[in-house]
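> Following this message is one structure expressed as structure tokens.
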Amino acid sequence: MTTLLYTHPACLEHDLGSHHPESAERLKAVLSALEAKEFAPLERRLAPDAALEDLLRAHSRRYVEGIFAAIPARGTIALDADTFLSPGSGRAALRAAGAVAAAVDAVLAGEGKNAFCAVRPPGHHALSQRAMGFCLFNNIVIGALRAHAVHGLTRIAVVDFDVHHGNGTEAAFAAEAGFFYASTHQAPLYPGTGAVEDRGVGNIVNAPLSPSSGGREFREAFRESILPALSAFRPELLLVSAGFDAHRDDPLSGLSLEEADYAWVSEELLQIAARFAGGRIVSVLEGGYDRRALAASAAAHVRVLMTA
């Protein structure tokens with residue numbers, strides 16, 4: 001078995017304009033890096049559209065229908081100060097969510113040892129009835145809820161190392177003991193959530209990092225807080241919100257991670273997945289806004305996934 005790579009050209013059609021940091025050029029940079037010879041063993045798959053029933057596990061029907069009804073025929077419209085819709089946004093969002101659902105199915109069926117979903121728009125800020133933080137549908141929550149509803153898994157973990165706290169993911173799982181959510185993120189920073197004290201029903205672990213923190217603080221947070229709690233949870237499936245905007249070169253953050261830090265955390269997560277989940281990991285692209293840093297960091301992450 002190999003690592004599966006899910007993506008779709010429709011994810012490039014979510015066009016927010018050249019001024020917006022969440023541009024199609026981000027995804028193009030990642031996909032270009034994954035064209036290198038060393039990534040030839042990846043099994044590349046086109047993401048399908050998400051099924052409506054998958055969207056409705058994570059979002060209200062009114063919200064889902066409202067998103068599609070609001071898509072403009074031309075130009076862009078704002079859902080909030082940061083989050084916009086363009087004519088191609090609906091197609092992109094369906095493929096992004098569908099990629100994660102399909103990757104969950106494939107990994108649980110043993111078609112690949114793990115998977116990376118190179119998609120956009122990102123998802124971890126999206127709430128059940130609200131778009132925010134560049135996110136329309138919460139892709140990783142959709143995948144996790146499918147793993148539970150369709151495949152019967154009862155211990156599903158999400159680990160999020162994006163520089164921004166995944167408030168939408170935490171909100172979806174905070175009252176659900178069968179789901180685990182852990183996050184490292186810069187604080188203070190958008191969206192202002194993710195305090196250490198927020199523990200859900202004992203299934204939430206937040207490890208906020210002060211501005212200017214680097215690899216030492218990041219690794220310490222994982223070693224002391226996240227990895228022990230994740231091991232104690234004993235996940236049957238591990239999902240990763242793989243945001244690479246904590247990189248030292250990213251313009252939207254004040255942390256100082258490097259590619260080696262992303263490789264290290266990927267190795268640690270791989271080991272836990274091997275111990276408890278049969279190696280089953282589905283990783284999903286979230287943030288990362290310096291194209292060179294994003295491409296190099298995503299490549300480092302996928303390179304480790306391929307070693308499983």
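We name chains A, B, ... following the order of the structure tokens; residues begin at 1 in each chain, and ligands are numbered from 1 as shown.
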Counting only C-alpha atoms, what is within 8 Å of range 43-54 of chain A, bar same-chain residues fewer than 3 positions away, as a PyMOL selection string?

chain A and resi 2-8+57-58+91+94-99+101-102+142+145-146

> Using the selection just defined, write its residues with C-alpha atoms as an mmCIF file, in the first residue's frame.


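What follows is the written file out30.cif:
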```
data_model
loop_
_atom_site.group_PDB
_atom_site.id
_atom_site.type_symbol
_atom_site.label_atom_id
_atom_site.label_comp_id
_atom_site.auth_asym_id
_atom_site.auth_seq_id
_atom_site.Cartn_x
_atom_site.Cartn_y
_atom_site.Cartn_z
ATOM 1 C CA THR A 2 1.025 3.575 -0.594
ATOM 2 C CA THR A 3 0.066 7.075 0.448
ATOM 3 C CA LEU A 4 -3.000 8.397 -1.348
ATOM 4 C CA LEU A 5 -3.100 11.983 -2.629
ATOM 5 C CA TYR A 6 -6.561 13.489 -3.105
ATOM 6 C CA THR A 7 -7.079 16.752 -4.970
ATOM 7 C CA HIS A 8 -9.158 18.226 -7.795
ATOM 8 C CA ARG A 57 -23.655 15.742 9.633
ATOM 9 C CA ALA A 58 -21.443 18.781 10.218
ATOM 10 C CA ARG A 91 -17.522 23.394 -6.744
ATOM 11 C CA LEU A 94 -17.727 20.215 -2.514
ATOM 12 C CA ARG A 95 -14.479 18.685 -3.782
ATOM 13 C CA ALA A 96 -12.557 19.710 -0.661
ATOM 14 C CA ALA A 97 -15.067 18.065 1.664
ATOM 15 C CA GLY A 98 -15.478 15.128 -0.713
ATOM 16 C CA ALA A 99 -11.738 14.522 -0.716
ATOM 17 C CA ALA A 101 -14.758 11.725 3.000
ATOM 18 C CA ALA A 102 -13.278 9.636 0.177
ATOM 19 C CA ILE A 142 -17.073 15.957 7.810
ATOM 20 C CA LEU A 145 -18.295 12.189 11.360
ATOM 21 C CA ARG A 146 -18.354 9.927 8.306
#
```

> Range 149-158 of chain A: which residues within 9 Å, counting only C-alpha atoms, same-chain residues fewer than 4 positions away excluded, as a ChimeraX atom specification?

/A:57,105,108,140-141,144-145,169,177-183,230,233-241

> Given the choices A:Ser253, A:Ser18, A:Ser60, A:Asn203, which gets closest to Gly287 in chain A if the distance is worked out from only C-alpha atoms?

A:Ser253

> Please identify which residues in range 29-214 of chain A DSSP calls helix (DSSP H, G or I) from the backbone, and express them as a PyMOL selection string.

chain A and resi 29-33+37-39+52-58+61-70+89-108+139-149+167-173

> Between range 229-270 of chain A and range 206-219 of chain A, at 9 Å or less, what are the per-residue closest atom pairs and their distances in Å? Count only C-alpha atoms, order by chain and rising residue number, and return it as a tab-separated table.


```
residue	atom	partner	partner_atom	distance
A:Ala246	CA	A:Gly214	CA	8.7
A:His247	CA	A:Gly214	CA	8.7
A:Arg248	CA	A:Gly214	CA	8.0
A:Ser253	CA	A:Pro211	CA	8.1
A:Gly254	CA	A:Pro211	CA	5.1
A:Leu255	CA	A:Ser212	CA	4.8
A:Ser256	CA	A:Gly214	CA	4.4
A:Leu257	CA	A:Gly214	CA	5.1
A:Glu258	CA	A:Gly215	CA	7.2
A:Ala260	CA	A:Gly215	CA	8.5
A:Asp261	CA	A:Gly215	CA	5.9
A:Trp264	CA	A:Arg219	CA	8.3
A:Val265	CA	A:Arg219	CA	7.5
```

> Since we have the selection now, will you write its residues out, keeping C-alpha atoms, as a PDB file, in the first residue's frame?


```pdb
ATOM      1  CA  ALA A 246       3.300  28.577  11.815  1.00  0.00           C
ATOM      2  CA  HIS A 247       6.387  28.619   9.565  1.00  0.00           C
ATOM      3  CA  ARG A 248       8.877  31.384  10.275  1.00  0.00           C
ATOM      4  CA  SER A 253       1.672  34.505  12.040  1.00  0.00           C
ATOM      5  CA  GLY A 254       4.413  35.185  14.541  1.00  0.00           C
ATOM      6  CA  LEU A 255       5.737  31.677  15.152  1.00  0.00           C
ATOM      7  CA  SER A 256       9.041  30.354  13.824  1.00  0.00           C
ATOM      8  CA  LEU A 257       8.639  26.733  12.799  1.00  0.00           C
ATOM      9  CA  GLU A 258      10.720  25.185  10.035  1.00  0.00           C
ATOM     10  CA  ALA A 260      12.124  20.004  10.176  1.00  0.00           C
ATOM     11  CA  ASP A 261       9.505  20.699  12.844  1.00  0.00           C
ATOM     12  CA  TRP A 264       9.191  15.740  13.381  1.00  0.00           C
ATOM     13  CA  VAL A 265       5.534  16.098  14.362  1.00  0.00           C
TER      14      VAL A 265
END
```

> Name all residues at most 12 Å from Glu38 in chain A (count only C-alpha atoms; drop same-chain ones fewer than 6 positions away) and give them as a PyMOL selection string.

chain A and resi 299-300+302-304+306-307

> Can you tell me, as a PyMOL selection string, which residues in range 12-256 of chain A count as strand (DSSP E) by DSSP?

chain A and resi 43-46+77-78+84-85+114-117+156-160+179-186+204-209+237-242

> Would you mind exporting the chosen residues as a PDB file, in the first residue's frame, restricted to C-alpha atoms?


```pdb
ATOM      1  CA  GLU A  43      -1.361   7.232  -5.680  1.00  0.00           C
ATOM      2  CA  ARG A  44      -3.130  10.274  -7.073  1.00  0.00           C
ATOM      3  CA  ARG A  45      -6.911  10.346  -6.954  1.00  0.00           C
ATOM      4  CA  LEU A  46      -9.472  12.932  -8.031  1.00  0.00           C
ATOM      5  CA  ILE A  77     -19.378  38.422  -2.195  1.00  0.00           C
ATOM      6  CA  ALA A  78     -18.312  38.623   1.443  1.00  0.00           C
ATOM      7  CA  PHE A  84     -15.711  35.251   0.400  1.00  0.00           C
ATOM      8  CA  LEU A  85     -17.586  33.376  -2.289  1.00  0.00           C
ATOM      9  CA  ASN A 114      -2.646   6.877   4.751  1.00  0.00           C
ATOM     10  CA  ALA A 115      -3.784   9.887   2.726  1.00  0.00           C
ATOM     11  CA  PHE A 116      -3.098  13.567   2.176  1.00  0.00           C
ATOM     12  CA  CYS A 117      -5.877  15.827   0.890  1.00  0.00           C
ATOM     13  CA  ILE A 156     -11.607   9.339  16.308  1.00  0.00           C
ATOM     14  CA  ALA A 157      -8.867  11.907  16.895  1.00  0.00           C
ATOM     15  CA  VAL A 158      -8.039  15.185  15.178  1.00  0.00           C
ATOM     16  CA  VAL A 159      -4.671  16.865  15.724  1.00  0.00           C
ATOM     17  CA  ASP A 160      -4.335  20.416  14.416  1.00  0.00           C
ATOM     18  CA  PHE A 179     -13.929  12.392  19.449  1.00  0.00           C
ATOM     19  CA  PHE A 180     -10.609  13.914  20.503  1.00  0.00           C
ATOM     20  CA  TYR A 181      -9.275  17.297  19.399  1.00  0.00           C
ATOM     21  CA  ALA A 182      -5.809  18.703  20.114  1.00  0.00           C
ATOM     22  CA  SER A 183      -4.307  21.934  18.837  1.00  0.00           C
ATOM     23  CA  THR A 184      -1.101  23.907  18.957  1.00  0.00           C
ATOM     24  CA  HIS A 185      -1.665  27.486  17.874  1.00  0.00           C
ATOM     25  CA  GLN A 186      -0.355  30.977  18.429  1.00  0.00           C
ATOM     26  CA  ILE A 204      -9.967  18.632  24.156  1.00  0.00           C
ATOM     27  CA  VAL A 205      -6.290  19.559  24.533  1.00  0.00           C
ATOM     28  CA  ASN A 206      -5.174  23.077  23.667  1.00  0.00           C
ATOM     29  CA  ALA A 207      -1.508  24.010  23.773  1.00  0.00           C
ATOM     30  CA  PRO A 208      -1.286  27.720  22.874  1.00  0.00           C
ATOM     31  CA  LEU A 209       2.127  29.103  21.939  1.00  0.00           C
ATOM     32  CA  LEU A 237      -8.312   6.754  13.193  1.00  0.00           C
ATOM     33  CA  LEU A 238      -6.127   9.855  13.279  1.00  0.00           C
ATOM     34  CA  LEU A 239      -7.044  12.927  11.245  1.00  0.00           C
ATOM     35  CA  VAL A 240      -4.614  15.824  10.881  1.00  0.00           C
ATOM     36  CA  SER A 241      -5.451  19.460  10.227  1.00  0.00           C
ATOM     37  CA  ALA A 242      -2.186  20.188   8.459  1.00  0.00           C
TER      38      ALA A 242
END
```

> Do a neighbour search on Ser32 in chain A at 12 Å with only C-alpha atoms, toss out local chain neighbours closer than 2 positions, and write the hits as a PyMOL selection string.

chain A and resi 25-30+34-37+39+118+291-292+294-296+298-299

> May I have the residues from that selection written out with C-alpha atoms, as a CSV table (one decimal), in the first residue's frame?


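Below is the file that was written, selection-v2.csv:
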```
chain,number,residue,atom,x,y,z
A,25,GLU,CA,-1.5,29.8,-6.0
A,26,ARG,CA,-1.2,28.2,-2.5
A,27,LEU,CA,-2.5,24.9,-3.8
A,28,LYS,CA,-0.6,25.2,-7.0
A,29,ALA,CA,2.6,25.5,-5.0
A,30,VAL,CA,1.9,22.4,-3.0
A,34,LEU,CA,4.5,17.0,-5.0
A,35,GLU,CA,5.4,16.5,-8.7
A,36,ALA,CA,9.1,15.9,-7.7
A,37,LYS,CA,10.4,12.5,-8.6
A,39,PHE,CA,6.7,11.7,-4.8
A,118,ALA,CA,-4.4,18.8,-1.0
A,291,ARG,CA,4.1,29.7,-1.1
A,292,ARG,CA,7.7,28.6,-0.8
A,294,LEU,CA,4.0,26.1,2.4
A,295,ALA,CA,5.3,23.9,-0.5
A,296,ALA,CA,8.4,22.8,1.4
A,298,ALA,CA,3.8,20.1,2.9
A,299,ALA,CA,6.4,18.1,1.1
```

> So how many Å separate CA of Glu267 in chain A and CA of Pro41 in chain A, to one decimal?

18.9 Å

> With distances taken over only C-alpha atoms, which of A:Ala293, A:Leu227, A:Ala24, A:Val107 is nearest to Ala277 in chain A?

A:Val107

> Which neighbours of Ala73 in chain A fall inside 12 Å, counting only C-alpha atoms, when residues of the same chain fewer than 2 positions from it are skipped, and could you give them as a PyMOL selection string?

chain A and resi 68-71+75-77+85-90

> For the atom pair CA of Ser297 in chain A and CA of Gly123 in chain A, what is the interatomic distance in Å to one decimal place?

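We find that CA of Ser297 in chain A and CA of Gly123 in chain A lie 18.9 Å from each other.
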
> What's the separation between CA of His124 in chain A and CA of Leu136 in chain A, in Å to one decimal place?

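Distance between the two atoms: 9.1 Å.
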
> Choose the residue, out of A:Glu22, A:Glu259, A:Glu170, A:Glu65, that has the smallest atom-to-atom separation from Phe134 in chain A; count only C-alpha atoms.

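Counting only C-alpha atoms, the residue closest to Phe134 in chain A is A:Glu22.
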
> Point out the residue among A:Gly243, A:Gly133, A:Pro121, A:Gly279 with the least atom-to-atom distance to Pro191 in chain A, counting only C-alpha atoms.

A:Gly133
